$ cat start.csv   # CSV, C-alpha atoms
chain,number,residue,atom,x,y,z
A,1,ILE,CA,30.4,-14.3,38.6
A,2,ASP,CA,27.3,-12.1,38.4
A,3,PHE,CA,26.3,-9.9,41.2
A,4,ALA,CA,22.7,-8.7,41.1
A,5,HIS,CA,21.0,-6.1,43.3
A,6,GLY,CA,17.8,-7.6,44.7
A,7,ASN,CA,16.0,-8.8,47.8
A,8,SER,CA,14.3,-11.8,49.2
A,9,HIS,CA,13.2,-14.6,46.8
A,10,ARG,CA,9.4,-14.8,46.6
A,11,ARG,CA,7.2,-16.8,44.3
A,12,LEU,CA,4.3,-14.9,42.5
A,13,LYS,CA,1.4,-16.0,44.6
A,14,HIS,CA,-2.1,-16.9,43.3
A,15,LEU,CA,-4.2,-14.9,45.8
A,16,THR,CA,-7.9,-14.6,45.8
A,17,ASP,CA,-8.4,-10.9,45.8
A,18,PRO,CA,-6.8,-9.2,42.7
A,19,VAL,CA,-7.8,-5.7,44.0
A,20,LYS,CA,-6.0,-5.9,47.3
A,21,SER,CA,-3.2,-8.3,46.2
A,22,VAL,CA,0.0,-6.4,45.2
A,23,TRP,CA,1.1,-9.6,43.4
A,24,TRP,CA,-2.0,-9.5,41.1
A,25,ARG,CA,-1.6,-5.8,40.4
A,26,VAL,CA,2.0,-6.3,39.3
A,27,ALA,CA,1.1,-9.4,37.2
A,28,GLU,CA,-1.6,-7.4,35.4
A,29,ARG,CA,0.5,-4.2,34.9
A,30,TYR,CA,3.4,-6.3,33.3
A,31,GLY,CA,1.1,-8.7,31.5
A,32,LEU,CA,3.0,-11.6,33.0
A,33,GLU,CA,0.3,-14.3,32.3
A,34,PRO,CA,-0.2,-13.7,28.6
A,35,ARG,CA,3.5,-12.9,27.9
A,36,LEU,CA,4.6,-16.2,29.6
A,37,HIS,CA,1.7,-18.1,28.0
A,38,TYR,CA,2.6,-16.9,24.5
A,39,ARG,CA,6.4,-16.8,24.7
A,40,LEU,CA,7.7,-19.0,27.6
A,41,PRO,CA,5.0,-21.4,28.7
A,42,HIS,CA,7.4,-23.6,30.6
A,43,ILE,CA,9.2,-20.9,32.5
A,44,ALA,CA,8.5,-19.8,36.0
A,45,VAL,CA,9.5,-16.2,36.8
A,46,TYR,CA,10.8,-15.1,40.2
A,47,GLY,CA,11.0,-11.4,40.9
A,48,GLU,CA,10.9,-8.6,43.5
A,49,VAL,CA,8.0,-6.2,44.0
A,50,PHE,CA,9.1,-2.8,45.3
A,51,GLY,CA,8.0,0.9,45.5
A,52,ASN,CA,5.2,0.8,47.9
A,53,THR,CA,5.9,-2.3,49.9
A,54,GLN,CA,8.5,-1.1,52.5
A,55,LYS,CA,8.3,2.3,54.1
A,56,GLY,CA,11.4,4.4,53.6
A,57,PHE,CA,12.7,2.3,50.7
A,58,GLN,CA,10.8,3.4,47.7
A,59,TYR,CA,13.7,3.2,45.2
A,60,GLY,CA,12.9,6.5,43.5
A,61,THR,CA,9.2,5.7,42.9
A,62,ASP,CA,6.2,7.8,44.0
A,63,GLY,CA,5.0,4.9,46.1
A,64,THR,CA,1.5,4.8,44.6
A,65,GLU,CA,1.8,1.6,42.5
A,66,PRO,CA,4.2,-1.4,42.9
A,67,LEU,CA,7.0,-2.1,40.4
A,68,PHE,CA,8.6,-5.4,39.5
A,69,ARG,CA,12.1,-6.7,38.6
A,70,VAL,CA,13.1,-10.2,37.6
A,71,PHE,CA,15.9,-12.0,39.5
A,72,ASP,CA,15.5,-15.6,38.5
A,73,MET,CA,13.8,-18.0,36.1
A,74,TYR,CA,13.1,-21.8,36.3
A,75,ASP,CA,12.5,-24.2,33.5
A,76,THR,CA,9.6,-26.3,34.8
A,77,LYS,CA,9.8,-28.7,31.8
A,78,ASN,CA,13.5,-29.6,32.1
A,79,LYS,CA,13.7,-29.0,35.9
A,80,ARG,CA,16.6,-26.6,35.9
A,81,TRP,CA,17.4,-23.0,36.9
A,82,LEU,CA,18.4,-20.8,34.0
A,83,ASP,CA,21.9,-19.2,33.6
A,84,PHE,CA,21.9,-15.5,34.2
A,85,ASP,CA,22.4,-14.7,30.5
A,86,GLU,CA,19.6,-17.1,29.5
A,87,MET,CA,17.3,-15.2,31.9
A,88,GLN,CA,18.3,-11.9,30.2
A,89,GLU,CA,17.5,-13.3,26.8
A,90,ASN,CA,14.1,-14.5,27.9
A,91,ILE,CA,13.3,-11.1,29.3
A,92,GLY,CA,13.9,-9.7,25.8
A,93,LEU,CA,11.5,-12.3,24.4
A,94,LEU,CA,8.8,-11.4,26.9
A,95,ASN,CA,9.2,-7.7,26.0
A,96,GLU,CA,8.5,-8.4,22.3
A,97,ILE,CA,4.9,-8.9,23.4
A,98,GLN,CA,3.3,-5.5,24.3
A,99,GLU,CA,-0.4,-6.3,24.6
A,100,PHE,CA,-2.8,-9.1,24.1
A,101,LYS,CA,-6.5,-9.6,23.6
A,102,HIS,CA,-7.8,-13.0,24.8
A,103,HIS,CA,-10.0,-14.9,22.3
A,104,GLY,CA,-11.0,-18.3,23.4
A,105,ASP,CA,-8.0,-20.3,24.3
A,106,LYS,CA,-5.5,-18.1,22.4
A,107,TYR,CA,-3.8,-14.8,23.0
A,108,ASN,CA,-3.6,-12.6,19.8
A,109,ASP,CA,-0.9,-10.1,19.6
A,110,ILE,CA,-2.0,-6.5,18.8
A,111,SER,CA,0.1,-3.5,18.1
A,112,THR,CA,-0.9,-1.0,20.8
A,113,PRO,CA,1.5,-1.2,23.8
A,114,SER,CA,0.1,-1.1,27.3
A,115,TYR,CA,2.2,-3.4,29.5
A,116,LEU,CA,5.1,-2.1,31.4
A,117,PRO,CA,8.5,-3.3,30.2
A,118,ILE,CA,10.0,-6.2,32.1
A,119,LYS,CA,13.5,-5.6,33.5
A,120,SER,CA,15.9,-7.6,35.6
A,121,VAL,CA,17.3,-6.4,38.9
A,122,PRO,CA,20.3,-4.1,38.3
A,123,ILE,CA,23.7,-5.6,37.9
A,124,VAL,CA,26.2,-3.8,40.1
A,125,TYR,CA,29.2,-5.9,39.3
A,126,ARG,CA,30.3,-8.8,37.1
A,127,GLY,CA,33.7,-10.4,37.5
A,128,PRO,CA,35.8,-12.5,39.8
A,129,TYR,CA,34.6,-13.0,43.4
A,130,ASP,CA,36.2,-10.5,45.8
A,131,GLU,CA,34.8,-10.6,49.4
A,132,ALA,CA,35.9,-7.1,50.4
A,133,LEU,CA,34.3,-5.7,47.3
A,134,MET,CA,31.1,-7.6,48.0
A,135,HIS,CA,30.8,-6.0,51.4
A,136,LYS,CA,31.5,-2.5,49.9
A,137,LEU,CA,28.9,-3.0,47.2
A,138,ALA,CA,26.3,-4.1,49.7
A,139,ASP,CA,26.5,-0.8,51.6
A,140,GLU,CA,26.5,1.6,48.6
A,141,PRO,CA,23.5,3.8,47.7
A,142,SER,CA,20.8,2.2,45.6
A,143,THR,CA,21.4,2.5,41.8
A,144,PHE,CA,17.7,3.2,41.1
A,145,GLU,CA,17.2,6.6,39.7
A,146,GLY,CA,15.8,9.0,42.3
A,147,ALA,CA,16.4,6.7,45.2
A,148,GLU,CA,17.7,8.5,48.3
A,149,HIS,CA,18.7,5.6,50.5
A,150,VAL,CA,21.2,2.8,50.7
A,151,ARG,CA,20.5,-0.5,48.9
A,152,GLU,CA,19.2,-3.3,51.0
A,153,GLY,CA,22.1,-5.5,49.9
A,154,ILE,CA,23.2,-7.7,47.0
A,155,VAL,CA,22.6,-11.1,45.7
A,156,ILE,CA,25.7,-13.0,44.6
A,157,ARG,CA,25.3,-15.7,42.0
A,158,SER,CA,27.4,-17.6,39.5
A,159,ALA,CA,27.0,-16.7,35.8
A,160,LYS,CA,26.6,-20.4,35.0
A,161,GLU,CA,24.2,-22.3,37.2
A,162,ARG,CA,26.0,-24.7,39.5
A,163,ASP,CA,25.4,-26.4,42.9
A,164,VAL,CA,27.6,-26.4,45.9
A,165,ARG,CA,27.9,-29.8,47.6
A,166,GLY,CA,25.9,-29.8,50.8
A,167,ALA,CA,24.5,-26.3,50.2
A,168,GLY,CA,22.5,-26.3,47.0
A,169,ARG,CA,22.6,-23.5,44.4
A,170,ALA,CA,25.5,-21.1,44.3
A,171,VAL,CA,23.4,-18.1,45.2
A,172,LEU,CA,24.1,-16.0,48.3
A,173,LYS,CA,22.4,-12.9,49.8
A,174,LEU,CA,24.5,-10.3,51.5
A,175,VAL,CA,22.5,-7.7,53.5
A,176,GLY,CA,24.1,-4.3,53.9
A,177,GLU,CA,25.0,-3.0,57.3
A,178,GLY,CA,23.7,0.4,56.4
A,179,TYR,CA,20.3,-1.0,55.5
A,180,LEU,CA,20.1,-2.9,58.8
A,181,LEU,CA,21.0,0.2,60.7
A,182,GLN,CA,18.5,2.4,58.9
A,183,LYS,CA,15.8,-0.2,59.4
A,184,LYS,CA,16.6,-0.5,63.1
A,185,VAL,CA,16.4,3.3,63.5
A,186,LYS,CA,13.1,3.5,61.7
A,187,GLN,CA,11.7,0.6,63.9
A,188,GLY,CA,13.0,2.4,67.0
A,189,ASN,CA,11.3,5.7,66.0
A,190,ALA,CA,8.0,3.9,65.3
A,191,LYS,CA,8.2,2.2,68.7
A,192,ASP,CA,8.8,5.5,70.5
A,193,LYS,CA,5.8,7.1,68.7
A,194,ARG,CA,3.6,4.2,69.9
A,195,ALA,CA,4.9,4.6,73.4
A,196,LYS,CA,4.2,8.3,73.4
A,197,GLY,CA,0.8,7.7,72.1
A,198,LYS,CA,-0.1,5.4,74.9
A,199,ALA,CA,1.4,7.7,77.5
A,200,GLY,CA,-0.8,10.6,76.2
A,201,ARG,CA,-4.0,8.7,76.4
A,202,PRO,CA,-6.3,9.5,79.4
A,203,GLN,CA,-6.2,6.8,82.0
A,204,LYS,CA,-9.5,5.3,83.2
A,205,ASP,CA,-10.2,5.4,86.9
A,206,THR,CA,-9.6,2.1,88.5
A,207,PRO,CA,-12.6,0.9,90.5
A,208,LYS,CA,-11.8,0.6,94.2
A,209,PRO,CA,-13.2,-2.1,96.6
A,210,GLU,CA,-16.2,-1.0,98.6
A,211,GLY,CA,-15.3,0.9,101.7
A,212,GLU,CA,-11.8,1.9,100.4
A,213,THR,CA,-11.0,5.6,100.3
A,214,SER,CA,-8.2,7.5,98.7
$ encode --input "start.csv" --output "structure tokens"
Amino acid sequence: IDFAHGNSHRRLKHLTDPVKSVWWRVAERYGLEPRLHYRLPHIAVYGEVFGNTQKGFQYGTDGTEPLFRVFDMYDTKNKRWLDFDEMQENIGLLNEIQEFKHHGDKYNDISTPSYLPIKSVPIVYRGPYDEALMHKLADEPSTFEGAEHVREGIVIRSAKERDVRGAGRAVLKLVGEGYLLQKKVKQGNAKDKRAKGKAGRPQKDTPKPEGETS
């Protein structure tokens, strides 16, 4: 069994504003379109954007630009999810391409690197399923260098793709109790600040009906 540290599953969205869209900025920084076009044209990549997307959980980044980690791949031609090790091999193939210049309908490889290296989500454990261990791992500190917070949880998946009857893919997400508590505290603090802000605002005089005195 593979256990990968990651978050919610989101598909890379084709949004209209590449300047404001965090998804477009990530796609450009990692060269996802040309890399996939040239190396893996029938593979859809699923990943997690992090670093400046959730306040208080920056995973050791400076929070200025988003980063990206892959957690899944889907073969659109053969209609199947890739095994975990297949995904890792494909990440290696994508990283062989460092930069492209677009000429007509073709991407030509050039030697100067500019794209960020594509990586998978960190693997925090690989071995037999152990429920107690899973809960322990979900509440440990993040493995990202420089991160000073707990991880949000873990994603549990089988090394070889398989379906569970009546449930679908054998993939589970276990959210950490420490993360939920930290998030609740932050939300509570933000709510208190808003309440104090409203209390400090000058109150407008309420118009009184004609003839009424106070």
$ residues_around --input "start.csv" --residues "range 66-83 of chain A" --least-positions-apart "4" --cutoff "7 Å" --atoms "only C-alpha atoms" --output "PyMOL selection string"
chain A and resi 22+26+42-52+87+118-121+159-161
$ atom_distance --input "start.csv" --atom1 "CA of Glu65 in chain A" --atom2 "CA of Tyr38 in chain A"
25.8 Å
$ closest_atom_pairs --input "start.csv" --of "range 136-168 of chain A" --to "range 178-183 of chain A" --cutoff "8 Å" --atoms "all atoms listed in the file" --output "CSV"
residue,atom,partner,partner_atom,distance
A:Asp139,CA,A:Gly178,CA,5.7
A:Val150,CA,A:Tyr179,CA,6.2
A:Arg151,CA,A:Tyr179,CA,6.6
A:Glu152,CA,A:Tyr179,CA,5.2
A:Gly153,CA,A:Tyr179,CA,7.4
$ atom_distance --input "start.csv" --atom1 "CA of Ser114 in chain A" --atom2 "CA of Phe84 in chain A"
27.0 Å
$ atom_distance --input "start.csv" --atom1 "CA of Leu40 in chain A" --atom2 "CA of Ile91 in chain A"
9.8 Å
$ residues_around --input "start.csv" --residues "Leu32 in chain A" --least-positions-apart "3" --cutoff "10 Å" --atoms "only C-alpha atoms" --output "PyMOL selection string"
chain A and resi 24+26-29+35-37+45+94+115-116+118
$ residues_around --input "start.csv" --residues "Arg169 in chain A" --least-positions-apart "5" --cutoff "10 Å" --atoms "all atoms listed in the file" --output "short mmCIF file (atom, residue, chain, number, x, y, z; two decimals) with C-alpha atoms, in the coordinates of the input"
data_model
loop_
_atom_site.label_atom_id
_atom_site.label_comp_id
_atom_site.auth_asym_id
_atom_site.auth_seq_id
_atom_site.Cartn_x
_atom_site.Cartn_y
_atom_site.Cartn_z
CA TRP A 81 17.40 -23.00 36.90
CA ARG A 157 25.30 -15.70 42.00
CA SER A 158 27.40 -17.60 39.50
CA GLU A 161 24.20 -22.30 37.20
CA ARG A 162 26.00 -24.70 39.50
CA ASP A 163 25.40 -26.40 42.90
CA VAL A 164 27.60 -26.40 45.90
#
